[in-house]
file model.pdb (PDB, C-alpha atoms)
ATOM      1  CA  MET A 136     -55.650-111.880 -16.527
ATOM      2  CA  THR A 137     -53.017-110.539 -14.148
ATOM      3  CA  VAL A 138     -54.337-109.177 -10.885
ATOM      4  CA  GLU A 139     -52.383-106.178  -9.613
ATOM      5  CA  PRO A 140     -51.273-106.587  -5.980
ATOM      6  CA  VAL A 141     -53.196-104.422  -3.540
ATOM      7  CA  ASP A 142     -50.042-102.905  -2.042
ATOM      8  CA  ASP A 143     -48.763-101.915  -5.481
ATOM      9  CA  THR A 144     -51.990-100.117  -6.337
ATOM     10  CA  ARG A 145     -51.893 -98.291  -3.023
ATOM     11  CA  SER A 146     -48.291 -97.220  -3.613
ATOM     12  CA  ARG A 147     -49.140 -95.953  -7.100
ATOM     13  CA  ILE A 148     -52.013 -93.919  -5.699
ATOM     14  CA  LEU A 149     -49.745 -92.362  -3.086
ATOM     15  CA  ARG A 150     -47.072 -91.474  -5.647
ATOM     16  CA  ALA A 151     -49.615 -89.900  -7.965
ATOM     17  CA  ALA A 152     -51.227 -88.004  -5.090
ATOM     18  CA  LEU A 153     -47.880 -86.618  -3.975
ATOM     19  CA  ASP A 154     -47.077 -85.494  -7.522
ATOM     20  CA  LEU A 155     -50.429 -83.768  -7.930
ATOM     21  CA  PHE A 156     -50.370 -82.213  -4.468
ATOM     22  CA  ALA A 157     -46.920 -80.808  -5.254
ATOM     23  CA  GLU A 158     -48.089 -79.465  -8.618
ATOM     24  CA  HIS A 159     -51.486 -78.029  -7.690
ATOM     25  CA  GLY A 160     -51.733 -78.096  -3.912
ATOM     26  CA  TYR A 161     -53.805 -80.381  -1.749
ATOM     27  CA  GLN A 162     -56.965 -78.295  -1.846
ATOM     28  CA  ARG A 163     -56.993 -78.000  -5.632
ATOM     29  CA  THR A 164     -56.391 -81.697  -6.279
ATOM     30  CA  SER A 165     -59.403 -83.992  -6.455
ATOM     31  CA  LEU A 166     -59.670 -87.743  -6.146
ATOM     32  CA  ARG A 167     -60.975 -87.741  -9.702
ATOM     33  CA  GLN A 168     -57.729 -86.167 -10.933
ATOM     34  CA  ILE A 169     -55.683 -88.756  -9.110
ATOM     35  CA  GLY A 170     -57.803 -91.512 -10.625
ATOM     36  CA  GLU A 171     -57.455 -90.061 -14.108
ATOM     37  CA  ARG A 172     -53.695 -89.964 -13.868
ATOM     38  CA  LEU A 173     -53.664 -93.649 -12.933
ATOM     39  CA  ARG A 174     -56.609 -94.643 -15.149
ATOM     40  CA  LEU A 175     -58.524 -95.695 -12.063
ATOM     41  CA  THR A 176     -62.050 -94.828 -11.050
ATOM     42  CA  LYS A 177     -62.787 -92.653  -8.058
ATOM     43  CA  ALA A 178     -64.355 -95.723  -6.451
ATOM     44  CA  ALA A 179     -61.034 -97.549  -6.816
ATOM     45  CA  ILE A 180     -59.250 -94.705  -5.022
ATOM     46  CA  LEU A 181     -61.846 -94.710  -2.247
ATOM     47  CA  TYR A 182     -61.391 -98.446  -1.785
ATOM     48  CA  HIS A 183     -57.853 -97.826  -0.581
ATOM     49  CA  PHE A 184     -58.358 -94.356   0.940
ATOM     50  CA  PRO A 185     -61.924 -93.642   2.157
ATOM     51  CA  ALA A 186     -61.263 -89.876   2.152
ATOM     52  CA  LYS A 187     -58.674 -87.521   0.710
ATOM     53  CA  GLU A 188     -57.450 -86.755   4.245
ATOM     54  CA  HIS A 189     -56.359 -90.392   4.487
ATOM     55  CA  LEU A 190     -54.031 -89.810   1.546
ATOM     56  CA  LEU A 191     -52.414 -86.922   3.370
ATOM     57  CA  ALA A 192     -51.981 -88.947   6.549
ATOM     58  CA  ALA A 193     -50.425 -91.836   4.601
ATOM     59  CA  LEU A 194     -47.976 -89.519   2.844
ATOM     60  CA  VAL A 195     -46.855 -87.954   6.131
ATOM     61  CA  GLU A 196     -46.663 -91.260   8.039
ATOM     62  CA  PRO A 197     -43.100 -92.235   6.965
ATOM     63  CA  LEU A 198     -41.766 -88.842   8.084
ATOM     64  CA  LEU A 199     -43.474 -89.051  11.470
ATOM     65  CA  ALA A 200     -42.436 -92.667  11.993
ATOM     66  CA  ASP A 201     -38.798 -91.859  11.218
ATOM     67  CA  LEU A 202     -38.800 -88.911  13.638
ATOM     68  CA  GLU A 203     -40.348 -91.039  16.385
ATOM     69  CA  GLY A 204     -37.738 -93.728  15.774
ATOM     70  CA  LEU A 205     -34.991 -91.124  16.011
ATOM     71  CA  LEU A 206     -36.255 -89.823  19.348
ATOM     72  CA  ASP A 207     -36.683 -93.354  20.699
ATOM     73  CA  ALA A 208     -33.027 -94.033  19.840
ATOM     74  CA  ALA A 209     -31.842 -90.814  21.511
ATOM     75  CA  GLU A 210     -33.728 -91.276  24.783
ATOM     76  CA  GLY A 211     -31.610 -92.860  27.453
ATOM     77  CA  LEU A 212     -28.339 -91.610  25.972
ATOM     78  CA  PRO A 213     -26.112 -89.183  27.910
ATOM     79  CA  THR A 214     -27.425 -85.648  27.518
ATOM     80  CA  GLU A 215     -24.738 -84.322  25.162
ATOM     81  CA  ARG A 216     -24.861 -87.396  22.963
ATOM     82  CA  ALA A 217     -28.667 -87.359  22.859
ATOM     83  CA  ARG A 218     -28.618 -83.756  21.659
ATOM     84  CA  ALA A 219     -26.161 -84.576  18.913
ATOM     85  CA  VAL A 220     -28.144 -87.614  17.782
ATOM     86  CA  VAL A 221     -31.390 -85.640  17.640
ATOM     87  CA  LEU A 222     -29.950 -82.665  15.750
ATOM     88  CA  GLU A 223     -28.037 -84.652  13.155
ATOM     89  CA  GLY A 224     -30.822 -87.199  12.793
ATOM     90  CA  TRP A 225     -33.478 -84.500  12.492
ATOM     91  CA  VAL A 226     -31.638 -82.857   9.598
ATOM     92  CA  ASP A 227     -31.096 -86.197   7.861
ATOM     93  CA  THR A 228     -34.741 -87.171   8.290
ATOM     94  CA  MET A 229     -35.974 -83.862   6.906
ATOM     95  CA  LEU A 230     -33.684 -84.188   3.895
ATOM     96  CA  ALA A 231     -34.870 -87.745   3.296
ATOM     97  CA  HIS A 232     -38.497 -86.527   3.169
ATOM     98  CA  ARG A 233     -38.067 -83.270   1.262
ATOM     99  CA  ARG A 234     -41.064 -83.721  -1.051
ATOM    100  CA  PRO A 235     -43.789 -84.456   1.512
ATOM    101  CA  LEU A 236     -42.295 -81.802   3.774
ATOM    102  CA  GLY A 237     -42.622 -79.252   0.978
ATOM    103  CA  MET A 238     -46.219 -80.315   0.447
ATOM    104  CA  LEU A 239     -46.976 -79.751   4.133
ATOM    105  CA  PHE A 240     -45.332 -76.350   4.065
ATOM    106  CA  HIS A 241     -47.601 -75.171   1.270
ATOM    107  CA  ASP A 242     -50.717 -76.647   2.905
ATOM    108  CA  ILE A 243     -49.686 -76.483   6.555
ATOM    109  CA  ALA A 244     -53.249 -75.882   7.805
ATOM    110  CA  LEU A 245     -54.169 -79.368   6.627
ATOM    111  CA  ILE A 246     -52.398 -81.133   9.464
ATOM    112  CA  THR A 247     -54.371 -79.256  12.132
ATOM    113  CA  ARG A 248     -57.559 -81.216  11.559
ATOM    114  CA  GLY A 249     -56.709 -84.594  12.968
ATOM    115  CA  ASP A 250     -54.382 -86.750  14.985
ATOM    116  CA  THR A 251     -51.474 -85.905  12.670
ATOM    117  CA  TYR A 252     -51.171 -82.448  14.219
ATOM    118  CA  HIS A 253     -51.207 -83.722  17.806
ATOM    119  CA  ARG A 254     -48.702 -86.411  16.918
ATOM    120  CA  LEU A 255     -46.405 -83.870  15.272
ATOM    121  CA  MET A 256     -46.619 -81.631  18.336
ATOM    122  CA  ARG A 257     -45.704 -84.534  20.606
ATOM    123  CA  ILE A 258     -42.697 -85.258  18.414
ATOM    124  CA  ALA A 259     -41.614 -81.605  18.500
ATOM    125  CA  MET A 260     -41.955 -81.417  22.284
ATOM    126  CA  ARG A 261     -39.897 -84.574  22.743
ATOM    127  CA  ALA A 262     -37.187 -83.180  20.479
ATOM    128  CA  ASN A 263     -37.191 -79.859  22.341
ATOM    129  CA  ASP A 264     -36.767 -81.625  25.675
ATOM    130  CA  LEU A 265     -33.880 -83.776  24.455
ATOM    131  CA  ILE A 266     -32.037 -80.838  22.907
ATOM    132  CA  ALA A 267     -32.560 -78.521  25.884
ATOM    133  CA  GLY A 268     -31.508 -81.134  28.446
ATOM    134  CA  PRO A 269     -33.003 -82.159  31.790
ATOM    135  CA  GLN A 270     -31.722 -79.140  33.767
ATOM    136  CA  ALA A 271     -32.509 -76.524  31.128
ATOM    137  CA  GLY A 272     -33.592 -73.020  31.991
ATOM    138  CA  ARG A 273     -35.756 -70.735  29.900
ATOM    139  CA  ARG A 274     -32.932 -69.640  27.609
ATOM    140  CA  GLU A 275     -31.918 -73.205  26.807
ATOM    141  CA  ARG A 276     -35.525 -74.221  26.151
ATOM    142  CA  VAL A 277     -36.008 -71.282  23.778
ATOM    143  CA  ARG A 278     -32.855 -72.193  21.893
ATOM    144  CA  ALA A 279     -33.935 -75.803  21.647
ATOM    145  CA  VAL A 280     -37.131 -74.716  19.884
ATOM    146  CA  GLN A 281     -35.080 -72.497  17.579
ATOM    147  CA  ALA A 282     -32.699 -75.375  16.879
ATOM    148  CA  VAL A 283     -35.512 -77.659  15.725
ATOM    149  CA  ALA A 284     -36.702 -74.948  13.329
ATOM    150  CA  MET A 285     -33.162 -74.523  12.020
ATOM    151  CA  CYS A 286     -33.022 -78.253  11.351
ATOM    152  CA  SER A 287     -36.306 -78.174   9.418
ATOM    153  CA  ASP A 288     -37.189 -74.948   7.613
ATOM    154  CA  PRO A 289     -34.152 -74.624   5.287
ATOM    155  CA  VAL A 290     -35.081 -77.959   3.689
ATOM    156  CA  VAL A 291     -38.178 -76.266   2.273
ATOM    157  CA  PHE A 292     -36.781 -72.818   1.561
ATOM    158  CA  PHE A 293     -33.665 -74.106  -0.235
ATOM    159  CA  ALA A 294     -35.149 -76.945  -2.239
ATOM    160  CA  ASP A 295     -32.621 -76.470  -5.042
ATOM    161  CA  VAL A 296     -29.558 -76.890  -2.796
ATOM    162  CA  PRO A 297     -27.995 -80.396  -2.829
ATOM    163  CA  ASP A 298     -28.553 -82.467   0.302
ATOM    164  CA  GLU A 299     -24.908 -82.653   1.377
ATOM    165  CA  VAL A 300     -24.367 -78.891   0.993
ATOM    166  CA  LEU A 301     -27.553 -77.956   2.805
ATOM    167  CA  ARG A 302     -26.850 -80.473   5.568
ATOM    168  CA  ALA A 303     -23.464 -78.913   6.307
ATOM    169  CA  ASP A 304     -24.914 -75.391   6.318
ATOM    170  CA  MET A 305     -27.793 -76.340   8.609
ATOM    171  CA  LEU A 306     -25.615 -78.098  11.158
ATOM    172  CA  ASP A 307     -23.105 -75.253  11.133
ATOM    173  CA  GLY A 308     -25.918 -72.813  11.824
ATOM    174  CA  VAL A 309     -27.201 -74.889  14.732
ATOM    175  CA  ARG A 310     -23.708 -75.073  16.207
ATOM    176  CA  HIS A 311     -23.449 -71.288  16.185
ATOM    177  CA  LEU A 312     -26.910 -70.875  17.695
ATOM    178  CA  LEU A 313     -26.150 -73.192  20.583
ATOM    179  CA  THR A 314     -22.636 -71.983  21.402
ATOM    180  CA  VAL A 315     -22.901 -68.197  20.927
ATOM    181  CA  THR A 316     -25.026 -65.772  22.897
ATOM    182  CA  VAL A 317     -25.959 -62.211  22.013
ATOM    183  CA  ASP A 318     -26.727 -59.427  24.490
ATOM    184  CA  THR A 319     -29.439 -57.227  22.978
ATOM    185  CA  GLY A 320     -29.648 -54.934  25.996
ATOM    186  CA  PRO A 321     -28.141 -51.422  26.119
ATOM    187  CA  SER A 322     -24.409 -51.240  26.660
ATOM    188  CA  ALA A 323     -21.705 -48.624  26.457
ATOM    189  CA  GLY A 324     -19.962 -48.582  23.109
ATOM    190  CA  ALA A 325     -22.603 -50.667  21.312
ATOM    191  CA  THR A 326     -24.096 -49.272  18.145
ATOM    192  CA  ALA A 327     -27.774 -48.435  18.543
ATOM    193  CA  GLY A 328     -29.965 -51.237  17.282
ATOM    194  CA  GLN A 329     -27.001 -53.585  16.866
ATOM    195  CA  PRO A 330     -26.664 -56.610  19.162
ATOM    196  CA  ARG A 331     -23.258 -57.146  20.700
ATOM    197  CA  ARG A 332     -21.591 -60.324  21.852
ATOM    198  CA  SER A 333     -21.958 -60.861  25.541
ATOM    199  CA  GLY A 334     -18.887 -61.641  27.578
ATOM    200  CA  ARG A 335     -20.808 -64.586  28.990
ATOM    201  CA  ALA A 336     -21.167 -67.477  26.606
ATOM    202  CA  ALA A 337     -24.414 -69.389  26.612
ATOM    203  CA  PRO A 338     -24.274 -72.817  28.213
ATOM    204  CA  PRO A 339     -23.613 -75.018  25.186
ATOM    205  CA  VAL A 340     -25.969 -77.827  24.365
ATOM    206  CA  ILE A 341     -23.824 -79.354  21.668
ATOM    207  CA  GLY A 342     -20.172 -79.341  20.662
ATOM    208  CA  ALA A 343     -18.981 -78.472  17.170
ATOM    209  CA  ALA A 344     -17.695 -81.962  16.464
ATOM    210  CA  ARG A 345     -21.088 -83.405  17.360
ATOM    211  CA  VAL A 346     -22.828 -81.758  14.435
ATOM    212  CA  GLY A 347     -20.424 -82.730  11.721
ATOM    213  CA  VAL A 348     -18.206 -79.631  11.875
ATOM    214  CA  ASP A 349     -14.508 -80.355  11.441
ATOM    215  CA  HIS A 350     -11.937 -78.012  12.948
ATOM    216  CA  GLY A 351      -9.033 -80.148  11.809
ATOM    217  CA  GLY A 352      -8.474 -81.507  15.310
ATOM    218  CA  ALA A 353      -7.318 -78.158  16.712
ATOM    219  CA  ALA A 354      -9.279 -76.292  19.365
ATOM    220  CA  PRO A 355     -10.054 -72.644  18.581
ATOM    221  CA  ARG A 356      -7.569 -70.275  20.173
ATOM    222  CA  ARG A 357      -8.676 -68.062  23.029
ATOM    223  CA  ARG A 358     -10.247 -64.859  21.704
ATOM    224  CA  PRO A 359      -9.174 -61.521  23.193
ATOM    225  CA  GLY A 360     -11.569 -60.092  25.736
ATOM    226  CA  ARG A 361     -13.259 -63.317  26.753
ATOM    227  CA  PRO A 362     -13.836 -63.885  30.475
ATOM    228  CA  ARG A 363     -11.315 -65.558  32.753
ATOM    229  CA  ALA A 364     -13.951 -66.912  35.129
ATOM    230  CA  LEU A 365     -17.149 -68.928  34.964
ATOM    231  CA  ASP A 366     -20.367 -68.216  36.782
ATOM    232  CA  ARG A 367     -22.103 -70.916  38.793
ATOM    233  CA  GLU A 368     -24.318 -72.066  35.907
ATOM    234  CA  GLN A 369     -21.335 -72.383  33.565
ATOM    235  CA  VAL A 370     -19.320 -74.263  36.178
ATOM    236  CA  GLU A 371     -22.134 -76.795  36.495
ATOM    237  CA  THR A 372     -22.309 -77.067  32.700
ATOM    238  CA  ALA A 373     -18.550 -77.601  32.409
ATOM    239  CA  ARG A 374     -18.557 -80.289  35.094
ATOM    240  CA  ARG A 375     -21.553 -82.002  33.520
ATOM    241  CA  MET A 376     -19.859 -82.041  30.094
ATOM    242  CA  TYR A 377     -16.630 -83.375  31.583
ATOM    243  CA  ALA A 378     -18.401 -86.050  33.636
ATOM    244  CA  ALA A 379     -20.280 -87.271  30.544
ATOM    245  CA  GLY A 380     -16.932 -88.165  28.990
ATOM    246  CA  ASP A 381     -17.870 -86.771  25.579
ATOM    247  CA  HIS A 382     -15.824 -83.541  25.699
ATOM    248  CA  SER A 383     -12.147 -82.782  26.217
ATOM    249  CA  VAL A 384     -11.080 -79.817  28.326
ATOM    250  CA  ASP A 385     -10.148 -78.029  25.087
ATOM    251  CA  ALA A 386     -13.654 -78.540  23.723
ATOM    252  CA  ILE A 387     -15.262 -77.337  26.946
ATOM    253  CA  ALA A 388     -13.049 -74.241  27.000
ATOM    254  CA  ALA A 389     -13.909 -73.420  23.390
ATOM    255  CA  ALA A 390     -17.638 -73.935  23.996
ATOM    256  CA  LEU A 391     -17.672 -71.716  27.100
ATOM    257  CA  ASN A 392     -15.330 -69.123  25.547
ATOM    258  CA  VAL A 393     -12.709 -69.312  28.301
ATOM    259  CA  SER A 394      -9.155 -70.578  28.588
ATOM    260  CA  ARG A 395      -8.212 -74.155  29.395
ATOM    261  CA  ALA A 396      -6.704 -72.937  32.660
ATOM    262  CA  THR A 397     -10.069 -71.528  33.681
ATOM    263  CA  VAL A 398     -11.762 -74.837  32.936
ATOM    264  CA  TYR A 399      -9.088 -76.783  34.829
ATOM    265  CA  ARG A 400      -9.495 -74.503  37.834
ATOM    266  CA  HIS A 401     -13.220 -75.113  38.072
ATOM    267  CA  LEU A 402     -12.953 -78.814  37.310
ATOM    268  CA  ALA A 403     -10.227 -79.373  39.891
ATOM    269  CA  PRO A 404     -12.665 -80.745  42.519
ATOM    270  CA  ALA A 405     -13.746 -83.367  39.972
ATOM    271  CA  GLY A 406     -10.169 -84.417  39.284
ATOM    272  CA  ALA A 407      -9.632 -82.672  35.971
ATOM    273  CA  SER A 408      -6.211 -81.398  37.046
ATOM    274  CA  ASN A 409      -4.820 -84.854  36.440
ATOM    275  CA  GLU A 410      -5.472 -84.662  32.717
ATOM    276  CA  THR A 411      -2.391 -84.201  30.564
ATOM    277  CA  VAL A 412      -2.235 -80.759  28.987
TER     278      VAL A 412
END
call {"tool": "encode", "arguments": {"input": "model.pdb", "output": "structure tokens"}}
result
Amino acid sequence: MTVEPVDDTRSRILRAALDLFAEHGYQRTSLRQIGERLRLTKAAILYHFPAKEHLLAALVEPLLADLEGLLDAAEGLPTERARAVVLEGWVDTMLAHRRPLGMLFHDIALITRGDTYHRLMRIAMRANDLIAGPQAGRRERVRAVQAVAMCSDPVVFFADVPDEVLRADMLDGVRHLLTVTVDTGPSAGATAGQPRRSGRAAPPVIGAARVGVDHGGAAPRRRPGRPRALDREQVETARRMYAAGDHSVDAIAAALNVSRATVYRHLAPAGASNETV
């Protein structure tokens, strides 16, 4: 008589549980139903998973472990590179775990009852910190939280969209979030209730090329009406980006919505004027 390996039985239980949770929901799926699908007794299920909550934790574990590994890899990298690694890696990880993520979305209250919730919150906070950057203000921290949501939620809401298409759309959306600011306050000439673009671009936390967006090697041309000067916060951002060595002057100018000459002028103390135009 062939004895089935313990690990194989455990894997079969997890696959069946995921299928049934996806079909009926966690709350409406019993251990008996899982056992019936596998022709196992409830006692056999309990041998491997003492409670149904343990099944949930085991199904979520690969997702959490991959996210923790991603953040471990990003920590210690230069700020701009760390942001890029987290955003791209977060999207890829979510796409790789679409099924368990969908299960959690439909039964999201389930993860609030144990260590899984606290672990997930720690992961989210680490990601927020890496995306926002060490010198982030309130606006950058808010956008970092929004960016994580943008790299997660569409995976559930657009389950029928192919991975490669959804990946491109998600990263493009994050790029726009982190490089464009909107002034929702009152202003002359603005339509009531309609936000207008502010003349001051938000300090970017990631460049377009860093999230898989290809502009064909050409920097966007200067748009009419954009400012010819940088405020103190933007100057510090520009110098930080240039010092990191990950952005050209063209990329910095495009991100801050100013001309190259403006960037050169503010980078002059750091030696940027020596770069070939």
call {"tool": "closest_residue", "arguments": {"input": "model.pdb", "among": "A:Ala373, A:Tyr161, A:His401, A:Asn263", "to": "Ala389 in chain A", "atoms": "all atoms listed in the file"}}
result
A:Ala373
call {"tool": "closest_residue", "arguments": {"input": "model.pdb", "among": "A:Leu306, A:Leu365, A:Ala178, A:Ala378", "to": "Leu166 in chain A", "atoms": "all atoms listed in the file"}}
result
A:Ala178
call {"tool": "residues_around", "arguments": {"input": "model.pdb", "residues": "Met256 in chain A", "least_positions_apart": "2", "cutoff": "12 Å", "atoms": "only C-alpha atoms", "output": "PDB file with C-alpha atoms, keeping the file's coordinate frame"}}
result
ATOM      1  CA  LEU A 199     -43.474 -89.051  11.470  1.00  0.00           C
ATOM      2  CA  LEU A 202     -38.800 -88.911  13.638  1.00  0.00           C
ATOM      3  CA  GLU A 203     -40.348 -91.039  16.385  1.00  0.00           C
ATOM      4  CA  ILE A 246     -52.398 -81.133   9.464  1.00  0.00           C
ATOM      5  CA  THR A 247     -54.371 -79.256  12.132  1.00  0.00           C
ATOM      6  CA  GLY A 249     -56.709 -84.594  12.968  1.00  0.00           C
ATOM      7  CA  ASP A 250     -54.382 -86.750  14.985  1.00  0.00           C
ATOM      8  CA  THR A 251     -51.474 -85.905  12.670  1.00  0.00           C
ATOM      9  CA  TYR A 252     -51.171 -82.448  14.219  1.00  0.00           C
ATOM     10  CA  HIS A 253     -51.207 -83.722  17.806  1.00  0.00           C
ATOM     11  CA  ARG A 254     -48.702 -86.411  16.918  1.00  0.00           C
ATOM     12  CA  ILE A 258     -42.697 -85.258  18.414  1.00  0.00           C
ATOM     13  CA  ALA A 259     -41.614 -81.605  18.500  1.00  0.00           C
ATOM     14  CA  MET A 260     -41.955 -81.417  22.284  1.00  0.00           C
ATOM     15  CA  ARG A 261     -39.897 -84.574  22.743  1.00  0.00           C
ATOM     16  CA  ALA A 262     -37.187 -83.180  20.479  1.00  0.00           C
ATOM     17  CA  ASN A 263     -37.191 -79.859  22.341  1.00  0.00           C
ATOM     18  CA  VAL A 280     -37.131 -74.716  19.884  1.00  0.00           C
TER      19      VAL A 280
END
call {"tool": "atom_distance", "arguments": {"input": "model.pdb", "atom1": "CA of Val370 in chain A", "atom2": "CA of Ala284 in chain A"}}
result
28.7 Å
call {"tool": "resolve_selection", "arguments": {"input": "model.pdb", "expression": "the PyMOL selection byres ((chain A and resi 286) around 10)", "output": "PyMOL selection string"}}
result
chain A and resi 221-230+281-285+287-290+302+304-306+308-309
call {"tool": "closest_residue", "arguments": {"input": "model.pdb", "among": "A:Pro213, A:Gly237, A:Gly160, A:Pro197", "to": "Tyr377 in chain A", "atoms": "all atoms listed in the file"}}
result
A:Pro213
call {"tool": "residues_near_point", "arguments": {"input": "model.pdb", "point": "(-31.5, -82.9, 33.0)", "cutoff": "12 Å", "atoms": "all atoms listed in the file", "output": "PyMOL selection string"}}
result
chain A and resi 210-215+217-218+264-272+275-276+340+371-372+375
call {"tool": "residues_around", "arguments": {"input": "model.pdb", "residues": "range 143-149 of chain A", "least_positions_apart": "2", "cutoff": "10 Å", "atoms": "only C-alpha atoms", "output": "PyMOL selection string"}}
result
chain A and resi 139-141+151-155+166+169-170+172-173+175+179-180+182-184+190-191+193-194
call {"tool": "residues_near_point", "arguments": {"input": "model.pdb", "point": "(-8.2, -78.0, 28.4)", "cutoff": "7 Å", "atoms": "only C-alpha atoms", "output": "list in words"}}
result
Ser383, Val384, Asp385, Ala388, Arg395, Ala396, Val398, Tyr399 and Val412 of chain A
call {"tool": "closest_residue", "arguments": {"input": "model.pdb", "among": "A:His232, A:Arg216, A:Arg174, A:Arg257", "to": "Val195 in chain A", "atoms": "all atoms listed in the file"}}
result
A:His232
call {"tool": "atom_distance", "arguments": {"input": "model.pdb", "atom1": "CA of His159 in chain A", "atom2": "CA of Ala186 in chain A"}}
result
18.2 Å
call {"tool": "closest_residue", "arguments": {"input": "model.pdb", "among": "A:Lys177, A:Arg163, A:Arg273, A:Arg234", "to": "Arg150 in chain A", "atoms": "only C-alpha atoms"}}
result
A:Arg234
call {"tool": "atom_distance", "arguments": {"input": "model.pdb", "atom1": "CA of Asn392 in chain A", "atom2": "CA of Ala219 in chain A"}}
result
20.0 Å
call {"tool": "closest_residue", "arguments": {"input": "model.pdb", "among": "A:Met238, A:Ala208, A:Val277, A:Leu198", "to": "Phe156 in chain A", "atoms": "only C-alpha atoms"}}
result
A:Met238
